[in-house]
>>> print(open('model.pdb').read())   # PDB, C-alpha atoms and all ligand atoms
ATOM      1  CA  MET T 234      69.979   3.786-123.690
ATOM      2  CA  ARG T 235      69.843   6.023-120.667
ATOM      3  CA  VAL T 236      73.013   6.953-118.778
ATOM      4  CA  VAL T 237      72.524   7.499-115.026
ATOM      5  CA  ARG T 238      75.130   8.392-112.408
ATOM      6  CA  THR T 239      73.309   8.291-109.073
ATOM      7  CA  VAL T 240      71.528   5.540-107.176
ATOM      8  CA  GLU T 241      68.450   7.763-107.043
ATOM      9  CA  ASP T 242      68.359   8.110-110.837
ATOM     10  CA  LEU T 243      68.988   4.380-111.271
ATOM     11  CA  ARG T 244      66.061   3.562-108.977
ATOM     12  CA  GLY T 245      63.956   6.130-110.847
ATOM     13  CA  ALA T 246      64.807   4.544-114.206
ATOM     14  CA  LEU T 247      63.988   1.043-112.908
ATOM     15  CA  ALA T 248      60.778   1.893-111.035
ATOM     16  CA  PRO T 249      58.402   1.660-114.066
ATOM     17  CA  PRO T 250      59.732  -1.693-115.398
ATOM     18  CA  ARG T 251      59.763  -3.100-111.855
ATOM     19  CA  ARG T 252      56.147  -1.978-111.364
ATOM     20  CA  ASP T 253      55.215  -3.674-114.648
ATOM     21  CA  GLY T 254      56.770  -6.943-113.493
ATOM     22  CA  SER T 255      59.630  -6.826-116.039
ATOM     23  CA  ARG T 256      62.631  -9.013-115.323
ATOM     24  CA  ILE T 257      65.624  -6.779-114.601
ATOM     25  CA  ALA T 258      69.171  -7.873-115.503
ATOM     26  CA  LEU T 259      72.392  -6.426-114.123
ATOM     27  CA  VAL T 260      75.763  -6.826-115.857
ATOM     28  CA  PRO T 261      78.473  -5.409-113.572
ATOM     29  CA  THR T 262      81.621  -4.273-115.402
ATOM     30  CA  MET T 263      84.664  -2.095-114.888
ATOM     31  CA  GLY T 264      84.407  -0.731-118.431
ATOM     32  CA  ALA T 265      86.856  -0.908-121.351
ATOM     33  CA  LEU T 266      84.185  -3.193-122.766
ATOM     34  CA  HIS T 267      85.026  -5.961-125.239
ATOM     35  CA  GLU T 268      83.390  -9.009-126.812
ATOM     36  CA  GLY T 269      83.394 -10.822-123.442
ATOM     37  CA  HIS T 270      81.245  -8.102-121.885
ATOM     38  CA  HIS T 271      79.173  -7.987-125.083
ATOM     39  CA  SER T 272      78.300 -11.670-124.674
ATOM     40  CA  LEU T 273      77.059 -11.064-121.102
ATOM     41  CA  ILE T 274      74.934  -8.080-122.144
ATOM     42  CA  ALA T 275      73.524  -9.943-125.178
ATOM     43  CA  ARG T 276      72.601 -12.913-122.971
ATOM     44  CA  ALA T 277      70.933 -10.553-120.474
ATOM     45  CA  ARG T 278      69.053  -8.916-123.387
ATOM     46  CA  ALA T 279      67.821 -12.308-124.581
ATOM     47  CA  GLU T 280      66.595 -13.358-121.129
ATOM     48  CA  CYS T 281      65.300 -10.167-119.453
ATOM     49  CA  GLU T 282      63.092  -7.223-120.420
ATOM     50  CA  THR T 283      65.299  -4.535-118.840
ATOM     51  CA  VAL T 284      69.103  -4.618-118.959
ATOM     52  CA  VAL T 285      71.318  -2.491-116.720
ATOM     53  CA  VAL T 286      75.081  -2.395-117.335
ATOM     54  CA  SER T 287      77.125  -0.902-114.528
ATOM     55  CA  LEU T 288      80.455   0.715-115.278
ATOM     56  CA  PHE T 289      82.587   1.345-112.228
ATOM     57  CA  VAL T 290      86.330   0.898-111.777
ATOM     58  CA  ASN T 291      86.179  -0.140-108.133
ATOM     59  CA  PRO T 292      89.182   1.309-106.285
ATOM     60  CA  ALA T 293      88.523  -0.970-103.288
ATOM     61  CA  GLN T 294      89.521  -4.120-105.188
ATOM     62  CA  PHE T 295      92.874  -2.845-106.473
ATOM     63  CA  GLY T 296      95.791  -3.534-104.159
ATOM     64  CA  GLU T 297      98.315  -1.745-106.331
ATOM     65  CA  HIS T 298      97.668   1.947-106.888
ATOM     66  CA  ALA T 299      99.607   1.803-110.181
ATOM     67  CA  ASP T 300      97.317  -0.970-111.464
ATOM     68  CA  LEU T 301      94.259   1.186-110.687
ATOM     69  CA  GLN T 302      95.850   4.177-112.431
ATOM     70  CA  ARG T 303      96.717   2.118-115.502
ATOM     71  CA  TYR T 304      93.276   0.506-115.802
ATOM     72  CA  PRO T 305      91.807   1.632-119.174
ATOM     73  CA  ARG T 306      88.887   4.101-119.050
ATOM     74  CA  ARG T 307      86.830   4.689-122.215
ATOM     75  CA  GLU T 308      83.339   5.669-121.192
ATOM     76  CA  ARG T 309      82.155   7.105-124.525
ATOM     77  CA  ARG T 310      83.154   3.950-126.408
ATOM     78  CA  ASP T 311      81.732   1.757-123.631
ATOM     79  CA  ALA T 312      78.375   3.516-123.871
ATOM     80  CA  ASP T 313      78.254   2.785-127.614
ATOM     81  CA  LEU T 314      79.149  -0.879-127.115
ATOM     82  CA  ALA T 315      76.688  -1.369-124.220
ATOM     83  CA  SER T 316      73.920   0.251-126.246
ATOM     84  CA  ALA T 317      74.728  -1.831-129.353
ATOM     85  CA  ALA T 318      74.689  -5.009-127.232
ATOM     86  CA  GLY T 319      71.200  -4.151-125.985
ATOM     87  CA  ALA T 320      71.580  -2.306-122.653
ATOM     88  CA  ASP T 321      68.676  -0.080-121.595
ATOM     89  CA  VAL T 322      70.487   1.703-118.768
ATOM     90  CA  LEU T 323      74.189   2.432-118.258
ATOM     91  CA  PHE T 324      74.874   3.071-114.573
ATOM     92  CA  ALA T 325      78.217   4.927-114.316
ATOM     93  CA  PRO T 326      78.524   6.261-110.771
ATOM     94  CA  SER T 327      81.421   8.264-109.349
ATOM     95  CA  ALA T 328      83.589   6.830-106.554
ATOM     96  CA  GLU T 329      81.891   9.285-104.135
ATOM     97  CA  GLU T 330      78.447   7.973-105.104
ATOM     98  CA  VAL T 331      79.511   4.405-104.333
ATOM     99  CA  TYR T 332      81.648   5.216-101.283
ATOM    100  CA  PRO T 333      80.251   8.416 -99.731
ATOM    101  CA  PRO T 334      82.033  10.005 -96.742
ATOM    102  CA  GLY T 335      81.604   7.848 -93.646
ATOM    103  CA  PHE T 336      81.279   4.596 -95.633
ATOM    104  CA  ALA T 337      82.365   1.867 -93.187
ATOM    105  CA  THR T 338      80.959  -1.516 -94.255
ATOM    106  CA  ALA T 339      82.742  -4.447 -95.854
ATOM    107  CA  VAL T 340      81.463  -7.803 -97.073
ATOM    108  CA  GLU T 341      83.948 -10.617 -96.703
ATOM    109  CA  VAL T 342      83.492 -14.179 -97.897
ATOM    110  CA  LEU T 343      85.738 -16.354 -95.763
ATOM    111  CA  GLY T 344      87.686 -19.337 -97.054
ATOM    112  CA  VAL T 345      87.518 -19.246-100.832
ATOM    113  CA  SER T 346      88.622 -15.571-100.898
ATOM    114  CA  ASP T 347      91.975 -16.522 -99.351
ATOM    115  CA  ARG T 348      93.155 -18.781-102.158
ATOM    116  CA  LEU T 349      94.731 -18.159-105.622
ATOM    117  CA  GLU T 350      93.632 -14.631-106.634
ATOM    118  CA  GLY T 351      93.040 -13.740-102.979
ATOM    119  CA  ALA T 352      96.483 -14.955-101.962
ATOM    120  CA  ALA T 353      98.150 -13.240-104.934
ATOM    121  CA  ARG T 354      96.332  -9.879-104.716
ATOM    122  CA  GLY T 355      95.784  -9.676-100.956
ATOM    123  CA  PRO T 356      92.643  -9.803 -98.775
ATOM    124  CA  GLU T 357      91.435  -6.398 -99.980
ATOM    125  CA  HIS T 358      90.821  -7.751-103.490
ATOM    126  CA  PHE T 359      87.873 -10.067-102.831
ATOM    127  CA  ARG T 360      86.695  -7.882 -99.932
ATOM    128  CA  GLY T 361      86.473  -5.044-102.477
ATOM    129  CA  VAL T 362      84.735  -7.250-105.051
ATOM    130  CA  SER T 363      82.256  -8.696-102.521
ATOM    131  CA  THR T 364      81.425  -5.287-101.090
ATOM    132  CA  VAL T 365      80.890  -3.568-104.446
ATOM    133  CA  VAL T 366      78.865  -6.443-105.925
ATOM    134  CA  THR T 367      76.631  -6.527-102.816
ATOM    135  CA  LYS T 368      76.176  -2.770-103.172
ATOM    136  CA  LEU T 369      75.397  -2.974-106.921
ATOM    137  CA  LEU T 370      72.838  -5.735-106.237
ATOM    138  CA  GLY T 371      71.275  -3.512-103.565
ATOM    139  CA  MET T 372      71.254  -0.484-105.864
ATOM    140  CA  ALA T 373      69.729  -2.164-108.945
ATOM    141  CA  MET T 374      67.848  -5.026-107.195
ATOM    142  CA  PRO T 375      68.042  -7.161-110.366
ATOM    143  CA  ASP T 376      66.298 -10.490-110.879
ATOM    144  CA  VAL T 377      69.388 -11.889-112.611
ATOM    145  CA  ALA T 378      73.046 -10.785-112.509
ATOM    146  CA  TYR T 379      75.488 -11.916-115.211
ATOM    147  CA  PHE T 380      79.144 -12.813-114.637
ATOM    148  CA  GLY T 381      81.891 -14.402-116.756
ATOM    149  CA  GLN T 382      83.524 -17.784-116.148
ATOM    150  CA  LYS T 383      86.811 -16.038-116.979
ATOM    151  CA  ASP T 384      86.786 -14.831-113.333
ATOM    152  CA  ALA T 385      85.912 -18.273-111.953
ATOM    153  CA  GLN T 386      86.916 -17.556-108.350
ATOM    154  CA  GLN T 387      84.933 -14.308-108.369
ATOM    155  CA  VAL T 388      81.859 -16.323-109.418
ATOM    156  CA  VAL T 389      82.303 -18.698-106.475
ATOM    157  CA  VAL T 390      82.744 -15.777-104.052
ATOM    158  CA  ILE T 391      79.610 -14.048-105.414
ATOM    159  CA  ARG T 392      77.482 -17.212-105.369
ATOM    160  CA  ARG T 393      78.538 -17.718-101.741
ATOM    161  CA  LEU T 394      77.643 -14.185-100.617
ATOM    162  CA  VAL T 395      74.295 -14.253-102.481
ATOM    163  CA  SER T 396      73.429 -17.516-100.753
ATOM    164  CA  ASP T 397      74.753 -16.535 -97.327
ATOM    165  CA  LEU T 398      73.054 -13.103 -97.339
ATOM    166  CA  ASN T 399      69.778 -14.449 -98.819
ATOM    167  CA  LEU T 400      69.931 -11.967-101.682
ATOM    168  CA  PRO T 401      66.957 -12.445-104.039
ATOM    169  CA  VAL T 402      68.923 -12.656-107.300
ATOM    170  CA  ARG T 403      69.885 -15.434-109.714
ATOM    171  CA  ILE T 404      73.540 -15.553-110.724
ATOM    172  CA  GLN T 405      74.072 -16.498-114.365
ATOM    173  CA  VAL T 406      77.577 -17.465-115.472
ATOM    174  CA  CYS T 407      78.568 -17.080-119.139
ATOM    175  CA  PRO T 408      81.442 -18.821-120.978
ATOM    176  CA  THR T 409      84.798 -17.128-121.550
ATOM    177  CA  VAL T 410      85.039 -15.334-124.905
ATOM    178  CA  ARG T 411      88.453 -15.665-126.554
ATOM    179  CA  GLU T 412      90.488 -14.021-129.300
ATOM    180  CA  PRO T 413      91.002 -16.174-132.436
ATOM    181  CA  ASP T 414      94.361 -17.383-131.037
ATOM    182  CA  GLY T 415      92.760 -18.453-127.744
ATOM    183  CA  LEU T 416      93.729 -15.542-125.486
ATOM    184  CA  ALA T 417      90.811 -14.747-123.168
ATOM    185  CA  MET T 418      89.437 -11.290-123.876
ATOM    186  CA  SER T 419      90.314  -8.875-121.101
ATOM    187  CA  SER T 420      90.319  -5.111-120.666
ATOM    188  CA  ARG T 421      93.957  -5.548-119.645
ATOM    189  CA  ASN T 422      94.951  -6.990-123.062
ATOM    190  CA  ALA T 423      94.996  -3.394-124.350
ATOM    191  CA  GLN T 424      98.018  -2.746-122.103
ATOM    192  CA  LEU T 425     100.165  -5.380-123.882
ATOM    193  CA  SER T 426     102.867  -4.362-126.356
ATOM    194  CA  PRO T 427     102.952  -6.410-129.614
ATOM    195  CA  ASP T 428     105.758  -8.569-128.191
ATOM    196  CA  GLU T 429     103.879  -9.078-124.908
ATOM    197  CA  ARG T 430     100.688  -9.885-126.809
ATOM    198  CA  ALA T 431     102.552 -12.715-128.597
ATOM    199  CA  ARG T 432     103.910 -14.040-125.269
ATOM    200  CA  ALA T 433     100.411 -13.881-123.746
ATOM    201  CA  ARG T 434      99.490 -16.855-125.940
ATOM    202  CA  ALA T 435     101.323 -18.841-123.262
ATOM    203  CA  LEU T 436      98.157 -18.749-121.129
ATOM    204  CA  PRO T 437      95.682 -20.456-123.490
ATOM    205  CA  GLU T 438      98.450 -22.777-124.709
ATOM    206  CA  ALA T 439      99.011 -23.908-121.111
ATOM    207  CA  LEU T 440      95.294 -24.624-120.667
ATOM    208  CA  GLN T 441      95.193 -26.471-123.996
ATOM    209  CA  ALA T 442      98.248 -28.571-123.055
ATOM    210  CA  ALA T 443      96.621 -29.607-119.763
ATOM    211  CA  ALA T 444      93.299 -30.345-121.496
ATOM    212  CA  ARG T 445      95.132 -32.483-124.068
ATOM    213  CA  HIS T 446      96.836 -34.473-121.317
ATOM    214  CA  ALA T 447      93.550 -34.913-119.459
ATOM    215  CA  GLY T 448      91.951 -36.087-122.741
ATOM    216  CA  GLU T 449      94.718 -38.679-123.092
ATOM    217  CA  GLY T 450      93.741 -40.103-119.704
ATOM    218  CA  GLN T 451      96.282 -38.355-117.488
ATOM    219  CA  ARG T 452      94.811 -37.761-114.031
ATOM    220  CA  SER T 453      97.642 -36.765-111.736
ATOM    221  CA  ALA T 454      97.528 -33.036-110.965
ATOM    222  CA  GLN T 455     101.302 -32.944-110.963
ATOM    223  CA  SER T 456     101.597 -34.170-114.549
ATOM    224  CA  LEU T 457      98.751 -31.953-115.805
ATOM    225  CA  LEU T 458     100.315 -28.914-114.145
ATOM    226  CA  GLU T 459     103.737 -29.843-115.494
ATOM    227  CA  ALA T 460     102.360 -29.939-119.053
ATOM    228  CA  ALA T 461     100.771 -26.513-118.553
ATOM    229  CA  ARG T 462     103.923 -25.087-117.004
ATOM    230  CA  GLU T 463     106.119 -26.318-119.845
ATOM    231  CA  ALA T 464     103.827 -24.639-122.382
ATOM    232  CA  MET T 465     104.176 -21.353-120.499
ATOM    233  CA  LEU T 466     107.931 -21.580-120.123
ATOM    234  CA  ALA T 467     108.189 -22.267-123.878
ATOM    235  CA  ARG T 468     107.031 -18.650-124.323
ATOM    236  CA  ASP T 469     109.230 -17.439-121.508
ATOM    237  CA  VAL T 470     106.290 -16.838-119.174
ATOM    238  CA  GLU T 471     106.540 -17.843-115.509
ATOM    239  CA  PRO T 472     103.168 -18.607-113.883
ATOM    240  CA  GLU T 473     102.339 -16.606-110.766
ATOM    241  CA  TYR T 474     100.112 -19.488-109.766
ATOM    242  CA  LEU T 475      99.074 -22.601-111.617
ATOM    243  CA  GLU T 476      96.767 -24.976-109.757
ATOM    244  CA  LEU T 477      94.210 -27.693-110.200
ATOM    245  CA  VAL T 478      91.383 -26.959-107.769
ATOM    246  CA  ASP T 479      87.871 -27.998-106.852
ATOM    247  CA  PRO T 480      85.627 -25.583-108.806
ATOM    248  CA  GLU T 481      83.347 -25.000-105.784
ATOM    249  CA  THR T 482      85.823 -24.620-102.921
ATOM    250  CA  PHE T 483      89.074 -23.795-104.737
ATOM    251  CA  GLU T 484      90.833 -26.388-102.560
ATOM    252  CA  PRO T 485      93.710 -28.053-104.475
ATOM    253  CA  CYS T 486      93.109 -31.463-106.105
ATOM    254  CA  GLU T 487      95.823 -34.111-106.309
ATOM    255  CA  GLU T 488      93.990 -36.188-108.902
ATOM    256  CA  LEU T 489      91.532 -35.343-111.650
ATOM    257  CA  GLU T 490      88.763 -37.551-110.268
ATOM    258  CA  ARG T 491      85.818 -35.301-111.129
ATOM    259  CA  GLU T 492      85.410 -32.009-112.963
ATOM    260  CA  SER T 493      88.189 -29.723-111.699
ATOM    261  CA  LEU T 494      89.365 -26.248-112.556
ATOM    262  CA  LEU T 495      92.848 -25.510-113.795
ATOM    263  CA  ALA T 496      93.427 -21.857-112.912
ATOM    264  CA  LEU T 497      96.464 -19.735-113.625
ATOM    265  CA  ALA T 498      97.794 -16.203-113.448
ATOM    266  CA  ALA T 499     100.899 -14.677-114.999
ATOM    267  CA  ARG T 500     102.493 -11.313-115.434
ATOM    268  CA  ILE T 501     103.454 -10.346-118.962
ATOM    269  CA  GLY T 502     105.567  -7.230-118.482
ATOM    270  CA  GLN T 503     103.465  -4.958-116.237
ATOM    271  CA  THR T 504     100.190  -6.648-117.089
ATOM    272  CA  ARG T 505      98.709  -9.384-114.957
ATOM    273  CA  LEU T 506      96.452 -11.875-116.769
ATOM    274  CA  ILE T 507      94.334 -14.765-115.483
ATOM    275  CA  ASP T 508      92.629 -17.681-117.199
ATOM    276  CA  ASN T 509      91.126 -21.070-116.400
ATOM    277  CA  VAL T 510      89.667 -24.207-117.922
ATOM    278  CA  LEU T 511      87.368 -26.880-116.529
ATOM    279  CA  LEU T 512      88.910 -30.329-116.979
ATOM    280  CA  ARG T 513      87.015 -33.609-116.853
ATOM    281  CA  PRO T 514      88.706 -36.956-116.346
ATOM    282  CA  SER T 515      88.840 -38.942-119.561
ATOM    283  CA  ALA T 516      86.720 -42.111-119.510
ATOM    284  CA  VAL T 517      89.850 -44.145-120.208
ATOM    285  CA  PRO T 518      92.653 -43.486-117.722
ATOM    286  CA  ALA T 519      96.197 -43.506-119.093
ATOM    287  CA  PRO T 520      98.054 -46.713-118.354
ATOM    288  CA  ARG T 521     100.174 -46.349-115.216
ATOM    289  CA  GLN T 522     103.855 -46.142-115.969
ATOM    290  CA  THR T 523     105.347 -49.164-114.242
ATOM    291  CA  PRO T 524     109.039 -49.016-113.376
ATOM    292  CA  PRO T 525     111.188 -51.367-115.485
ATOM    293  CA  ARG T 526     111.592 -54.768-113.839
ATOM    294  CA  LYS T 527     114.915 -55.439-112.287
ATOM    295  CA  ALA T 528     116.845 -58.063-114.154
ATOM    296  CA  ILE T 529     117.120 -61.264-112.158
ATOM    297  CA  ALA T 530     120.740 -62.048-111.621
TER
HETATM  298  P1  LIG T 601      85.448  -6.705-115.692
HETATM  299  O1  LIG T 601      85.022  -5.484-116.440
HETATM  300  O2  LIG T 601      86.782  -7.230-116.084
HETATM  301  O3  LIG T 601      85.250  -6.570-114.200
HETATM  302  O4  LIG T 601      84.432  -7.842-116.141
HETATM  303  C1  LIG T 601      83.045  -7.691-116.023
HETATM  304  C2  LIG T 601      82.389  -9.021-116.248
HETATM  305  O5  LIG T 601      82.718  -9.489-117.541
HETATM  306  C3  LIG T 601      82.874 -10.085-115.248
HETATM  307  O6  LIG T 601      81.772 -10.882-114.850
HETATM  308  C4  LIG T 601      83.867 -10.858-116.047
HETATM  309  O7  LIG T 601      84.008 -12.198-115.625
HETATM  310  C5  LIG T 601      83.240 -10.799-117.431
HETATM  311  N1  LIG T 601      84.263 -11.030-118.453
HETATM  312  C6  LIG T 601      85.472 -10.413-118.578
HETATM  313  N2  LIG T 601      86.167 -10.940-119.602
HETATM  314  C7  LIG T 601      85.376 -11.905-120.147
HETATM  315  C8  LIG T 601      85.533 -12.810-121.241
HETATM  316  N3  LIG T 601      86.634 -12.838-121.984
HETATM  317  N4  LIG T 601      84.516 -13.660-121.507
HETATM  318  C9  LIG T 601      83.382 -13.662-120.758
HETATM  319  N5  LIG T 601      83.172 -12.825-119.718
HETATM  320  C10 LIG T 601      84.154 -11.962-119.410
END
>>> encode(input="model.pdb", output="structure tokens")
Amino acid sequence: MRVVRTVEDLRGALAPPRRDGSRIALVPTMGALHEGHHSLIARARAECETVVVSLFVNPAQFGEHADLQRYPRRERRDADLASAAGADVLFAPSAEEVYPPGFATAVEVLGVSDRLEGAARGPEHFRGVSTVVTKLLGMAMPDVAYFGQKDAQQVVVIRRLVSDLNLPVRIQVCPTVREPDGLAMSSRNAQLSPDERARARALPEALQAAARHAGEGQRSAQSLLEAAREAMLARDVEPEYLELVDPETFEPCEELERESLLALAARIGQTRLIDNVLLRPSAVPAPRQTPPRKAIA
């Protein structure tokens, strides 16, 4: 695996495979790689001849300076994992390479960027994500770019910008990889103390509780969200947001009438975690609870 740090070297490394008509894959990451990233790289390896993994902790998408400072950085280990998963090129640029002096352009996807994660983290978050992903697509010019369903709203934002800007790339979404107890793998999990790690189980347990209710025929968003909320509170975790939304627009749903996304975020100590699950209405709706009849006097 070759490690390159400049756009020029990246283009140089990709020129021969591009000339030969190889399919080029890009897996954008912020490093501190884990099994979730591994699954994206392995899928890219299986589907494309040349696999580029980018490793860049994008300052533009962090609202809180402290969060950016705390974000884990382990390049040597990341290079080993990317190589073992099948990457051909690791693109690890500096902040100056990505944002040289005079940089003045932003990509903003209107609408969907304002909700949930956008509302919680501020407008700079998805502006930062959209801008850096557009730049990475321009730098590597991949045929396919791989993203995780774990960041479901990010996927919608990226699909929108790729479509709106006519970018010639296919977006492939891969399922969320979880720890044995259900916690979604995340670079941020490394920041949790043992006690916080135990409380973090509140997130998958909330998703499981909602999925169980949906499986039993429950369709009202309010009752599904209540079940999820109770599961979180049982571990003393207060959701930052907890919503049932349309998976394409992220507009809230009142009823589970078609496939909908239950998305949540919570802070465990200093660490902010997100997760989501797609829910489908059960074929058999739960019987409506009718109020008890009044006794006839
Ligand atoms: P990050 O390094 O957190 O920016 O993530 C890089 C890519 O890996 C994004 O497309 C994420 O959605 C994806 N990803 C992160 N965690 C997981 C996971 N547990 N399962 C699958 N994909 C993931």
>>> residues_near_ligand(input="model.pdb", ligand="ligand LIG 601 (chain T)", cutoff="9 Å", atoms="all atoms listed in the file", output="CSV table (one decimal) with C-alpha atoms, keeping the file's coordinate frame")
chain,number,residue,atom,x,y,z
T,260,VAL,CA,75.8,-6.8,-115.9
T,261,PRO,CA,78.5,-5.4,-113.6
T,262,THR,CA,81.6,-4.3,-115.4
T,263,MET,CA,84.7,-2.1,-114.9
T,264,GLY,CA,84.4,-0.7,-118.4
T,265,ALA,CA,86.9,-0.9,-121.4
T,266,LEU,CA,84.2,-3.2,-122.8
T,267,HIS,CA,85.0,-6.0,-125.2
T,268,GLU,CA,83.4,-9.0,-126.8
T,269,GLY,CA,83.4,-10.8,-123.4
T,270,HIS,CA,81.2,-8.1,-121.9
T,271,HIS,CA,79.2,-8.0,-125.1
T,272,SER,CA,78.3,-11.7,-124.7
T,273,LEU,CA,77.1,-11.1,-121.1
T,288,LEU,CA,80.5,0.7,-115.3
T,289,PHE,CA,82.6,1.3,-112.2
T,290,VAL,CA,86.3,0.9,-111.8
T,291,ASN,CA,86.2,-0.1,-108.1
T,379,TYR,CA,75.5,-11.9,-115.2
T,380,PHE,CA,79.1,-12.8,-114.6
T,381,GLY,CA,81.9,-14.4,-116.8
T,382,GLN,CA,83.5,-17.8,-116.1
T,383,LYS,CA,86.8,-16.0,-117.0
T,384,ASP,CA,86.8,-14.8,-113.3
T,385,ALA,CA,85.9,-18.3,-112.0
T,387,GLN,CA,84.9,-14.3,-108.4
T,388,VAL,CA,81.9,-16.3,-109.4
T,406,VAL,CA,77.6,-17.5,-115.5
T,407,CYS,CA,78.6,-17.1,-119.1
T,408,PRO,CA,81.4,-18.8,-121.0
T,409,THR,CA,84.8,-17.1,-121.6
T,410,VAL,CA,85.0,-15.3,-124.9
T,411,ARG,CA,88.5,-15.7,-126.6
T,412,GLU,CA,90.5,-14.0,-129.3
T,416,LEU,CA,93.7,-15.5,-125.5
T,417,ALA,CA,90.8,-14.7,-123.2
T,418,MET,CA,89.4,-11.3,-123.9
T,419,SER,CA,90.3,-8.9,-121.1
T,420,SER,CA,90.3,-5.1,-120.7
T,421,ARG,CA,94.0,-5.5,-119.6
>>> closest_atom_pairs(input="model.pdb", of="range 404-511 of chain T", to="range 329-353 of chain T", cutoff="12 Å", atoms="all atoms listed in the file", output="Markdown table")
| residue | atom | partner | partner_atom | distance |
| --- | --- | --- | --- | --- |
| T:Pro472 | CA | T:Ala353 | CA | 11.6 |
| T:Glu473 | CA | T:Ala353 | CA | 7.9 |
| T:Tyr474 | CA | T:Leu349 | CA | 6.9 |
| T:Leu475 | CA | T:Leu349 | CA | 8.6 |
| T:Glu476 | CA | T:Leu349 | CA | 8.2 |
| T:Leu477 | CA | T:Leu349 | CA | 10.6 |
| T:Val478 | CA | T:Leu349 | CA | 9.7 |
| T:Asp479 | CA | T:Val345 | CA | 10.6 |
| T:Pro480 | CA | T:Val345 | CA | 10.4 |
| T:Glu481 | CA | T:Val345 | CA | 8.7 |
| T:Thr482 | CA | T:Val345 | CA | 6.0 |
| T:Phe483 | CA | T:Val345 | CA | 6.2 |
| T:Glu484 | CA | T:Arg348 | CA | 8.0 |
| T:Pro485 | CA | T:Arg348 | CA | 9.6 |
| T:Leu494 | CA | T:Leu349 | CA | 11.9 |
| T:Leu495 | CA | T:Leu349 | CA | 11.2 |
| T:Ala496 | CA | T:Leu349 | CA | 8.3 |
| T:Leu497 | CA | T:Leu349 | CA | 8.3 |
| T:Ala498 | CA | T:Glu350 | CA | 8.1 |
| T:Ala499 | CA | T:Ala353 | CA | 10.5 |
| T:Arg500 | CA | T:Ala353 | CA | 11.5 |
| T:Arg505 | CA | T:Ala353 | CA | 10.8 |
| T:Leu506 | CA | T:Glu350 | CA | 10.9 |
| T:Ile507 | CA | T:Glu350 | CA | 8.9 |
| T:Asp508 | CA | T:Glu350 | CA | 11.0 |
| T:Asn509 | CA | T:Leu349 | CA | 11.7 |
>>> closest_residue(input="model.pdb", among="T:Arg276, T:His446, T:Arg452, T:Arg354", to="Phe295 in chain T", atoms="all atoms listed in the file")
T:Arg354
>>> residues_near_point(input="model.pdb", point="(86.8, -32.1, -117.9)", cutoff="12 Å", atoms="all atoms listed in the file", output="ChimeraX atom specification")
/T:440-441,443-452,477,479-480,489-495,509-516
>>> residues_near_point(input="model.pdb", point="(69.1, -17.6, -111.4)", cutoff="8 Å", atoms="all atoms listed in the file", output="PDB file with C-alpha atoms, in the coordinates of the input")
ATOM      1  CA  ASP T 376      66.298 -10.490-110.879  1.00  0.00           C
ATOM      2  CA  VAL T 377      69.388 -11.889-112.611  1.00  0.00           C
ATOM      3  CA  ALA T 378      73.046 -10.785-112.509  1.00  0.00           C
ATOM      4  CA  VAL T 402      68.923 -12.656-107.300  1.00  0.00           C
ATOM      5  CA  ARG T 403      69.885 -15.434-109.714  1.00  0.00           C
ATOM      6  CA  ILE T 404      73.540 -15.553-110.724  1.00  0.00           C
ATOM      7  CA  GLN T 405      74.072 -16.498-114.365  1.00  0.00           C
TER       8      GLN T 405
END
>>> resolve_selection(input="model.pdb", expression="the PyMOL selection byres (((chain T and resi 431) around 12) and not hetatm)", output="list of chain:residue names")
T:Asp414, T:Gly415, T:Leu416, T:Asn422, T:Leu425, T:Ser426, T:Pro427, T:Asp428, T:Glu429, T:Arg430, T:Arg432, T:Ala433, T:Arg434, T:Ala435, T:Leu436, T:Pro437, T:Glu438, T:Met465, T:Arg468, T:Asp469, T:Val470, T:Ile501, T:Gly502
>>> resolve_selection(input="model.pdb", expression="the PyMOL selection byres (((chain T and resi 367) around 10) and not hetatm)", output="ChimeraX atom specification")
/T:339-340,361-366,368-372,374,391,394-395,398,400
>>> resolve_selection(input="model.pdb", expression="the PyMOL selection byres (((chain T and resi 282) around 10) and not hetatm)", output="ChimeraX atom specification")
/T:250,254-258,277-281,283-284,321
>>> decode(input="model.pdb", residues="range 481-494 of chain T", atoms="C-alpha atoms", output="CSV table (one decimal), in the first residue's frame")
chain,number,residue,atom,x,y,z
T,481,GLU,CA,-34.9,10.3,2.2
T,482,THR,CA,-35.9,13.7,3.5
T,483,PHE,CA,-35.4,13.4,7.2
T,484,GLU,CA,-38.8,15.0,7.7
T,485,PRO,CA,-40.5,13.6,10.9
T,486,CYS,CA,-43.1,10.9,10.5
T,487,GLU,CA,-46.2,10.6,12.8
T,488,GLU,CA,-47.0,7.0,11.8
T,489,LEU,CA,-44.8,4.1,10.6
T,490,GLU,CA,-46.6,3.8,7.3
T,491,ARG,CA,-43.6,2.8,5.2
T,492,GLU,CA,-39.9,2.2,5.9
T,493,SER,CA,-38.8,5.0,8.3
T,494,LEU,CA,-35.6,5.7,10.1
